[in-house]
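Chemist: Before anything else, here's the structure in question.
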Amino acid sequence: MDRPRIVCLPNGPYYLLTDAVPRPVEYLQNSRGESCATTRGVALCRCGGSANKPFCDGTHGRIGFRDAKGTPRAPDARRDYVGRRITIHDNRQLCAHAGFCTDRLASVFRSGAEPWIDADGATVEAIIDTVRRCPSGALSYSVSGVEHRDQERPPRVTVTHDGPYAVTGGVELVGVARPDGASTEHYTLCRCGASKNKPFCDGSHWDIGFTDERN
């Protein structure tokens with residue numbers, strides 16, 4: 001397998017599949033004395049309740065975790081904010097509210113203003129640098145009619161501090177429909193259990209005060 005994959009188990013954890021080729025399990029055999037083999041991976045908590053975060057400990061079953069989407073949630077709609085030299089694309093349904101855009105470049109990403117993005121509010125270079133830091137894939141940009149959405153990075157899943165799993169490097173998310181304009185190279189997955197846009201993070205960890213003292 002060229003890259004790892006993530007499978008969302010129904011009403012259960014994320015399964016990070018790191019080796020799709022079945023390998024013998026040491027010290028385990030069947031009644032005929034043959035080695036038992038399986039694929040390799042780890043189960044990652046997404047209900048928010050595991051006592052062994054980021055790993056699943058079965059708490060999802062005890063608390064009745066459900067992976068259905070909730071309401072209200074932002075609509076799946078991508079908007080284009082056209083400037084003189086750059087166009088910024090944004091889909092609010094993907095936003096994890098990490099704050100990199102509004103904190104770093106408030107002249108462009110203007111909380112409470114309408115429209116909330118001013119594509120002429122800073123230099124092209126500053127806008128590109130800020131958009132490339134968006135972990136969720138909600139933001140991308142086009143220059144001279146060419147859209148830039150993904151980056152060249154090795155596959156990685158980062159357990160963010162009191163926040164989602166930040167996935168980069170094209171880790172495949174198996175069987176999940178993506179919102180309009182979503183990146184397949186980077187995205188954020190809910191691990192607090194409260195997102196209304198599961199499996200993607202929608203910033204609900206802020207609302208419920210999710211913490212992970214071990215991370």
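Naming works like this for the structure tokens: A, B, ... for the chains as they're shown, residue 1 at the start of each chain, ligands 1 onward in shown order.
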May I have all residues of segment 10-64 of chain A that DSSP, computed from the backbone, assigns to helix (DSSP H, G or I), given as a count of residues only?

Modeler: 5

Chemist: Between segment 84-203 of chain A and segment 2-15 of chain A, at 6 Å or less, what are the per-residue closest atom pairs and their distances in Å? Count only C-alpha atoms, order by chain and rising residue number, and return it as a Markdown table.

Modeler:
| residue | atom | partner | partner_atom | distance |
| --- | --- | --- | --- | --- |
| A:Val171 | CA | A:Arg5 | CA | 5.5 |
| A:Glu172 | CA | A:Arg5 | CA | 4.7 |
| A:Leu173 | CA | A:Ile6 | CA | 4.9 |
| A:Val174 | CA | A:Val7 | CA | 5.3 |

Chemist: For segment 184-189 of chain A, please output as a ChimeraX atom specification all residues within 8 Å (counting only C-alpha atoms; exclusion window: fewer than 6 positions along the same chain).

Modeler: /A:96,135-137,150-151,164-172,198-201

Chemist: Pick out the residues sitting within 9 Å of Lys196 of chain A, and hand them over as a short mmCIF file (atom, residue, chain, number, x, y, z; two decimals) with C-alpha atoms, in the first residue's frame; count only C-alpha atoms, and ignore anything fewer than 4 positions along from it in its own chain.

Modeler:
data_model
loop_
_atom_site.label_atom_id
_atom_site.label_comp_id
_atom_site.auth_asym_id
_atom_site.auth_seq_id
_atom_site.Cartn_x
_atom_site.Cartn_y
_atom_site.Cartn_z
CA ALA A 68 -24.79 10.62 12.03
CA LYS A 69 -24.52 14.23 10.92
CA GLY A 70 -26.38 16.78 13.02
CA THR A 71 -28.21 20.06 12.56
CA PRO A 72 -27.87 22.91 12.13
CA ARG A 73 -24.67 22.83 10.11
CA PHE A 200 -15.16 16.21 9.55
CA CYS A 201 -14.45 18.70 12.32
CA ASP A 202 -16.75 21.73 12.48
CA SER A 204 -17.62 21.91 18.04
#

Chemist: For the strand (DSSP E or B) assignment from backbone DSSP, which residues of chain A qualify? Please present them as number ranges by chain.

Modeler: A: 5-8, 14-29, 35-44, 55, 78-82, 87-91, 109, 117, 139-143, 146-148, 156-159, 165-168, 172-174, 187-189, 200

Chemist: A:Asp57, A:Arg214, A:Asp76, A:His148: which is nearest Ala177 of chain A, counting only C-alpha atoms?

Modeler: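 Comparing A:Asp57, A:Arg214, A:Asp76, A:His148 against Ala177 of chain A, the winner is A:Asp76.
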
Chemist: Could you check how far atom CA of Thr123 of chain A sits from atom CA of His97 of chain A, in Å to one decimal?

Modeler: 23.0 Å

Chemist: Go through A:Gly193, A:Asp103, A:Ala126, A:Ala43 one by one, measure the shortest atom-to-atom distance of each to Gly64 of chain A using only C-alpha atoms, and give the residue with the smallest value.

Modeler: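 That would be A:Gly193, the residue with the smallest distance to Gly64 of chain A.
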
Chemist: Near Val82 of chain A, counting only C-alpha atoms, which residues have an atom at most 9 Å away, once you skip same-chain residues fewer than 6 positions from it, shown as a list of chain:residue names?

Modeler: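 Result of the neighbour search: A:Ile88, A:His89, A:Asp118, A:Ala119, A:Asp120.
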